[in-house]
file protein_11.cif (mmCIF, C-alpha atoms)
data_target
loop_
_atom_site.label_atom_id
_atom_site.label_comp_id
_atom_site.auth_asym_id
_atom_site.auth_seq_id
_atom_site.Cartn_x
_atom_site.Cartn_y
_atom_site.Cartn_z
CA MET A 1 19.05 11.59 -9.78
CA LEU A 2 17.67 14.89 -8.56
CA LYS A 3 14.53 16.16 -10.28
CA LEU A 4 16.33 19.18 -11.72
CA TYR A 5 18.60 16.91 -13.75
CA HIS A 6 15.87 14.52 -14.86
CA ARG A 7 14.10 17.57 -16.30
CA GLN A 8 17.22 18.90 -18.00
CA ILE A 9 18.08 15.50 -19.47
CA LEU A 10 14.63 15.19 -21.04
CA GLN A 11 14.77 18.71 -22.42
CA GLU A 12 18.19 18.12 -23.94
CA ALA A 13 17.45 14.65 -25.27
CA LEU A 14 14.05 15.46 -26.79
CA GLU A 15 14.58 19.03 -27.89
CA ASN A 16 13.00 19.59 -31.33
CA LYS A 17 11.85 15.95 -31.41
CA ILE A 18 8.46 16.27 -29.71
CA GLY A 19 5.78 18.87 -29.08
CA HIS A 20 5.85 21.21 -26.10
CA ARG A 21 2.69 19.81 -24.48
CA ALA A 22 3.90 16.25 -24.93
CA LEU A 23 7.27 17.07 -23.35
CA LYS A 24 5.55 18.78 -20.42
CA ILE A 25 3.50 15.67 -19.61
CA ILE A 26 6.52 13.40 -20.10
CA ILE A 27 8.52 15.50 -17.63
CA GLU A 28 5.68 15.51 -15.08
CA ALA A 29 5.39 11.72 -15.19
CA ASN A 30 9.15 11.32 -14.99
CA LEU A 31 9.47 13.51 -11.91
CA LYS A 32 6.47 11.89 -10.21
CA GLN A 33 8.50 8.68 -9.92
CA ASP A 34 10.53 10.39 -7.21
CA GLY A 35 7.46 11.10 -5.09
CA LEU A 36 7.04 9.32 -1.75
CA ARG A 37 4.92 6.55 -3.30
CA GLY A 38 7.57 5.97 -5.94
CA GLN A 39 10.42 5.80 -3.44
CA LEU A 40 9.07 3.16 -1.08
CA GLY A 41 8.75 -0.42 -2.29
CA HIS A 42 9.49 0.34 -5.93
CA ASP A 43 13.12 -0.57 -6.54
CA GLU A 44 12.21 -1.22 -10.18
CA TYR A 45 11.48 2.49 -10.71
CA HIS A 46 15.10 3.42 -9.96
CA PHE A 47 17.36 0.39 -10.48
CA ASP A 48 17.80 0.23 -6.69
CA ASN A 49 18.78 -2.81 -4.62
CA ASN A 50 20.26 -4.58 -7.66
CA ALA A 51 16.79 -4.84 -9.20
CA PHE A 52 18.19 -4.92 -12.73
CA GLU A 53 15.85 -7.46 -14.30
CA GLU A 54 12.83 -5.90 -12.60
CA SER A 55 13.81 -2.44 -13.84
CA TYR A 56 14.41 -3.62 -17.40
CA ALA A 57 10.99 -5.30 -17.29
CA TYR A 58 9.42 -2.10 -15.96
CA ILE A 59 10.86 -0.12 -18.88
CA GLU A 60 9.42 -2.58 -21.40
CA GLU A 61 6.08 -2.70 -19.59
CA ASN A 62 5.76 1.06 -19.94
CA ARG A 63 6.89 0.97 -23.56
CA ALA A 64 4.09 -1.51 -24.26
CA GLN A 65 1.69 0.87 -22.50
CA VAL A 66 2.78 3.66 -24.85
CA HIS A 67 1.83 1.55 -27.86
CA THR A 68 -1.44 0.34 -26.33
CA ALA A 69 -2.48 3.87 -25.35
CA LEU A 70 -1.76 5.23 -28.82
CA LYS A 71 -3.90 2.56 -30.46
CA SER A 72 -6.80 3.77 -28.32
CA ARG A 73 -5.82 7.41 -28.87
CA TYR A 74 -5.15 7.94 -25.16
CA ILE A 75 -2.30 10.23 -26.06
CA GLU A 76 -1.59 11.69 -22.63
CA ASP A 77 -1.37 8.17 -21.18
CA ALA A 78 1.23 7.35 -23.83
CA TRP A 79 3.32 10.38 -22.92
CA ALA A 80 3.07 9.56 -19.21
CA ALA A 81 4.21 5.99 -19.83
CA PHE A 82 7.27 7.26 -21.67
CA GLY A 83 7.97 9.65 -18.81
CA ARG A 84 7.99 6.76 -16.37
CA LEU A 85 10.27 4.55 -18.45
CA SER A 86 12.67 7.43 -19.13
CA HIS A 87 13.06 8.04 -15.40
CA THR A 88 14.07 4.43 -14.81
CA ALA A 89 16.47 4.40 -17.75
CA GLN A 90 18.16 7.59 -16.52
CA ASP A 91 18.50 6.29 -12.96
CA PHE A 92 20.48 3.28 -14.21
CA TYR A 93 23.54 5.50 -14.47
CA ALA A 94 22.93 7.48 -11.28
CA HIS A 95 22.15 4.51 -9.04
CA SER A 96 24.56 1.85 -10.28
CA ASN A 97 28.34 1.61 -10.57
CA TYR A 98 28.17 1.51 -14.40
CA ILE A 99 30.03 4.82 -14.79
CA THR A 100 32.62 3.79 -12.20
CA LEU A 101 33.29 0.55 -14.07
CA TRP A 102 33.44 2.32 -17.42
CA LEU A 103 35.91 4.93 -16.19
CA ALA A 104 38.08 2.23 -14.58
CA GLN A 105 39.11 1.12 -18.08
CA PHE A 106 41.18 4.29 -18.54
CA ASP A 107 44.09 5.93 -16.80
CA LYS A 108 44.01 9.61 -15.96
CA GLU A 109 45.83 10.56 -19.15
CA THR A 110 43.48 8.73 -21.53
CA VAL A 111 40.05 9.10 -19.93
CA PRO A 112 37.55 10.36 -22.56
CA LEU A 113 35.46 13.46 -22.14
CA PRO A 114 31.94 13.03 -20.68
CA ALA A 115 30.43 13.61 -24.14
CA ASP A 116 32.25 10.49 -25.36
CA VAL A 117 30.94 8.16 -22.66
CA ASP A 118 29.75 4.77 -23.93
CA HIS A 119 26.32 4.40 -22.35
CA ALA A 120 25.71 0.88 -23.64
CA ASP A 121 28.89 -1.10 -23.02
CA GLN A 122 27.53 -4.64 -23.05
CA ALA A 123 30.59 -6.05 -21.30
CA ILE A 124 29.81 -3.85 -18.30
CA ILE A 125 26.05 -4.33 -18.46
CA LYS A 126 26.53 -8.09 -18.33
CA SER A 127 29.38 -7.98 -15.81
CA GLU A 128 29.05 -9.62 -12.41
CA LYS A 129 30.69 -6.50 -11.02
CA LEU A 130 27.72 -4.33 -11.98
CA GLN A 131 25.64 -3.43 -8.93
CA SER A 132 23.29 -0.73 -7.73
CA GLY A 133 22.98 0.91 -4.35
CA LYS A 134 21.09 -0.84 -1.59
CA LEU A 135 18.66 1.02 0.61
CA TYR A 136 19.39 0.63 4.30
CA TYR A 137 16.44 2.08 6.16
CA PRO A 138 16.06 4.12 8.34
CA LEU A 139 19.63 5.42 8.07
CA GLU A 140 19.24 5.89 4.32
CA ILE A 141 16.47 8.43 4.90
CA LEU A 142 18.45 10.26 7.58
CA SER A 143 21.37 10.63 5.18
CA TYR A 144 19.26 13.06 3.13
CA ILE A 145 18.98 15.48 6.05
CA PRO A 146 21.94 17.89 5.70
CA LEU A 147 22.45 18.37 9.45
CA LEU A 148 22.50 14.61 10.06
CA LYS A 149 24.32 13.34 6.98
CA ARG A 150 27.85 13.67 8.33
CA TYR A 151 26.89 11.62 11.37
CA VAL A 152 24.91 8.96 9.51
CA MET A 153 27.21 8.21 6.58
CA PRO A 154 29.93 6.40 8.60
CA TYR A 155 27.32 3.86 9.68
CA LEU A 156 26.09 3.07 6.18
CA PRO A 157 27.79 0.29 4.14
CA LYS A 158 29.73 1.33 1.06
CA ASP A 159 27.23 -0.52 -1.14
CA SER A 160 24.39 1.69 0.11
CA HIS A 161 22.56 4.09 -2.16
CA ALA A 162 23.79 6.95 0.02
CA TRP A 163 27.41 6.14 -0.86
CA MET A 164 26.95 4.92 -4.43
CA ASN A 165 24.51 7.41 -5.92
CA ILE A 166 25.65 9.93 -8.54
CA ASP A 167 22.46 11.99 -8.32
CA SER A 168 24.00 15.44 -8.56
CA PRO A 169 27.27 17.31 -9.16
CA ASN A 170 27.87 17.07 -5.40
CA GLN A 171 29.02 13.50 -6.03
CA GLY A 172 32.00 14.72 -8.03
CA GLU A 173 33.29 14.53 -11.59
CA LYS A 174 31.50 11.26 -12.34
CA PHE A 175 28.24 13.19 -12.50
CA ASP A 176 29.12 14.73 -15.87
CA TYR A 177 29.52 11.21 -17.31
CA THR A 178 26.30 10.08 -15.63
CA TYR A 179 24.40 13.01 -17.11
CA ALA A 180 25.81 12.50 -20.61
CA ALA A 181 25.07 8.77 -20.53
CA ALA A 182 21.50 9.42 -19.38
CA VAL A 183 20.92 11.86 -22.26
CA LYS A 184 22.14 9.27 -24.77
CA ARG A 185 20.04 6.52 -23.20
CA THR A 186 16.94 8.72 -23.23
CA ARG A 187 17.38 9.31 -26.96
CA ASP A 188 17.79 5.56 -27.50
CA GLU A 189 14.64 4.80 -25.51
CA PHE A 190 12.76 7.43 -27.47
CA GLU A 191 13.75 5.97 -30.84
CA LYS A 192 13.04 2.45 -29.62
CA THR A 193 9.59 3.53 -28.48
CA LEU A 194 8.81 4.99 -31.90
CA THR A 195 9.71 1.69 -33.57
CA GLY A 196 6.64 -0.25 -34.64
CA LEU A 197 4.24 2.67 -34.51
CA SER A 198 2.05 3.43 -37.49
CA ASN A 199 2.52 6.81 -39.12
CA GLU A 200 -0.62 8.09 -37.43
CA GLU A 201 0.43 6.81 -34.00
CA ARG A 202 3.87 8.29 -34.45
CA ASP A 203 2.46 11.68 -35.37
CA LEU A 204 0.09 11.61 -32.39
CA PHE A 205 2.90 10.71 -30.01
CA LEU A 206 5.12 13.46 -31.38
CA HIS A 207 2.18 15.84 -31.14
CA ILE A 208 2.56 16.82 -34.79
CA VAL A 209 -1.17 16.68 -35.60
CA ALA A 210 -4.07 18.16 -33.69
CA ILE A 211 -5.77 15.86 -31.17
#
call {"tool": "encode", "arguments": {"input": "protein_11.cif", "output": "structure tokens"}}
result
Amino acid sequence: MLKLYHRQILQEALENKIGHRALKIIIEANLKQDGLRGQLGHDEYHFDNNAFEESYAYIEENRAQVHTALKSRYIEDAWAAFGRLSHTAQDFYAHSNYITLWLAQFDKETVPLPADVDHADQAIIKSEKLQSGKLYYPLEILSYIPLLKRYVMPYLPKDSHAWMNIDSPNQGEKFDYTYAAAVKRTRDEFEKTLTGLSNEERDLFLHIVAI
């Protein structure tokens, strides 16, 4: 998902739930996952190449880091860890065919609005049909160059990230469902992260008390 939308999803999902400074650091860490170092050799950051188990594990690893950092009062480290896990959780919808499978349950007359998307349909999550885009280098990289994209795309398989991604509105109407699902998932991950924190740790994470 493009950085613009990762930022907007966090702002919408966490509005009035967390302090301004905390949200700023969360957003910075989230967007950093799309840097060059985060793109190469880190499928688990983005649910790429069908790395579902690795990506789920990465989310939980960072959630554990949030809790560990708060116990040591390394508050910025806790915010950064949540930023990283939120990026991965949001990319699940943009880089997999989850939304495509969910929409396939409806005909054109009964399809729900994006706001009503079910972001946690366990039947789909556990389905053998669920897959995420594969990265076919070097063509995958060339597909991001506007002048070359039209020439490169015919040579990329349909299961490539270039064909499957729903990273922006340019990918069509499915993006609205992707965005809405990512907002809901971000809220879920936020509440799950708060679970098990002491009152003091919770207040520190939410940036309610002075540090």
call {"tool": "closest_residue", "arguments": {"input": "protein_11.cif", "among": "A:Ser55, A:Leu139, A:Gly172, A:Glu128", "to": "Leu156 (chain A)", "atoms": "all atoms listed in the file"}}
result
A:Leu139
call {"tool": "residues_around", "arguments": {"input": "protein_11.cif", "residues": "Tyr144 (chain A)", "least_positions_apart": "4", "cutoff": "12 Å", "atoms": "all atoms listed in the file", "output": "ChimeraX atom specification"}}
result
/A:2,137-140,148-153,161-163,165,167
call {"tool": "residues_around", "arguments": {"input": "protein_11.cif", "residues": "His207 (chain A)", "least_positions_apart": "4", "cutoff": "7 Å", "atoms": "only C-alpha atoms", "output": "PyMOL selection string"}}
result
chain A and resi 18-19+22+203
call {"tool": "closest_residue", "arguments": {"input": "protein_11.cif", "among": "A:His119, A:His95, A:Lys24, A:Lys126", "to": "Leu10 (chain A)", "atoms": "all atoms listed in the file"}}
result
A:Lys24
call {"tool": "resolve_selection", "arguments": {"input": "protein_11.cif", "expression": "the PyMOL selection byres ((chain A and resi 51) around 12)", "output": "list in words"}}
result
Gly41, His42, Asp43, Glu44, Tyr45, His46, Phe47, Asp48, Asn49, Asn50, Phe52, Glu53, Glu54, Ser55, Tyr56, Ala57, Tyr58, Thr88, Asp91, Phe92, His95, Ser96, Leu130, Gln131, Ser132, Gly133, Lys134 and Leu135 of chain A
call {"tool": "residues_around", "arguments": {"input": "protein_11.cif", "residues": "Glu189 (chain A)", "least_positions_apart": "2", "cutoff": "12 Å", "atoms": "all atoms listed in the file", "output": "ChimeraX atom specification"}}
result
/A:10,13-14,56,59-60,62-63,66,81-90,120,182-187,191-195
call {"tool": "resolve_selection", "arguments": {"input": "protein_11.cif", "expression": "the PyMOL selection byres ((chain A and resi 25) around 8)", "output": "number ranges by chain"}}
result
A: 21-24, 26-29, 76, 79-80, 83
call {"tool": "atom_distance", "arguments": {"input": "protein_11.cif", "atom1": "CA of Ile99 (chain A)", "atom2": "CA of Asp118 (chain A)"}}
result
9.1 Å
call {"tool": "atom_distance", "arguments": {"input": "protein_11.cif", "atom1": "CA of Leu70 (chain A)", "atom2": "CA of Glu201 (chain A)"}}
result
5.8 Å
call {"tool": "atom_distance", "arguments": {"input": "protein_11.cif", "atom1": "CA of Ile166 (chain A)", "atom2": "CA of Met1 (chain A)"}}
result
6.9 Å
call {"tool": "build_atoms", "arguments": {"input": "protein_11.cif", "residues": "region 91-110 of chain A", "atoms": "N, CA and C atoms", "output": "compact mmCIF listing (two decimals), in the coordinates of the input"}}
result
# COMPACT_ATOMS: atom_id res chain seq x y z
N ASP A 91 17.99 6.65 -14.28
CA ASP A 91 18.50 6.29 -12.96
C ASP A 91 19.49 5.13 -13.00
N PHE A 92 19.50 4.37 -14.08
CA PHE A 92 20.48 3.28 -14.21
C PHE A 92 21.89 3.80 -13.99
N TYR A 93 22.19 4.95 -14.55
CA TYR A 93 23.54 5.50 -14.47
C TYR A 93 23.80 6.18 -13.13
N ALA A 94 22.76 6.77 -12.54
CA ALA A 94 22.93 7.48 -11.28
C ALA A 94 22.94 6.55 -10.08
N HIS A 95 22.31 5.38 -10.20
CA HIS A 95 22.15 4.51 -9.04
C HIS A 95 22.98 3.24 -9.10
N SER A 96 23.71 3.04 -10.18
CA SER A 96 24.56 1.85 -10.28
C SER A 96 26.02 2.29 -10.39
N ASN A 97 26.90 1.31 -10.43
CA ASN A 97 28.34 1.61 -10.57
C ASN A 97 28.79 1.50 -12.03
N TYR A 98 27.83 1.61 -12.98
CA TYR A 98 28.17 1.51 -14.40
C TYR A 98 29.26 2.53 -14.78
N ILE A 99 29.07 3.78 -14.42
CA ILE A 99 30.03 4.82 -14.79
C ILE A 99 31.38 4.56 -14.12
N THR A 100 31.37 4.12 -12.89
CA THR A 100 32.62 3.79 -12.20
C THR A 100 33.37 2.69 -12.93
N LEU A 101 32.66 1.66 -13.35
CA LEU A 101 33.29 0.55 -14.07
C LEU A 101 33.80 1.00 -15.43
N TRP A 102 33.02 1.86 -16.09
CA TRP A 102 33.44 2.32 -17.42
C TRP A 102 34.71 3.17 -17.32
N LEU A 103 34.75 4.06 -16.36
CA LEU A 103 35.91 4.93 -16.19
C LEU A 103 37.15 4.15 -15.76
N ALA A 104 36.95 3.03 -15.07
CA ALA A 104 38.08 2.23 -14.58
C ALA A 104 38.91 1.63 -15.71
N GLN A 105 38.39 1.66 -16.93
CA GLN A 105 39.11 1.12 -18.08
C GLN A 105 40.23 2.04 -18.55
N PHE A 106 40.24 3.27 -18.05
CA PHE A 106 41.18 4.29 -18.54
C PHE A 106 42.07 4.78 -17.42
N ASP A 107 43.26 5.23 -17.79
CA ASP A 107 44.09 5.93 -16.80
C ASP A 107 43.80 7.42 -16.92
N LYS A 108 44.35 8.19 -16.02
CA LYS A 108 44.01 9.61 -15.96
C LYS A 108 44.38 10.37 -17.24
N GLU A 109 45.38 9.87 -17.94
CA GLU A 109 45.83 10.56 -19.15
C GLU A 109 44.96 10.25 -20.38
N THR A 110 44.23 9.15 -20.34
CA THR A 110 43.48 8.73 -21.53
C THR A 110 41.97 8.73 -21.34
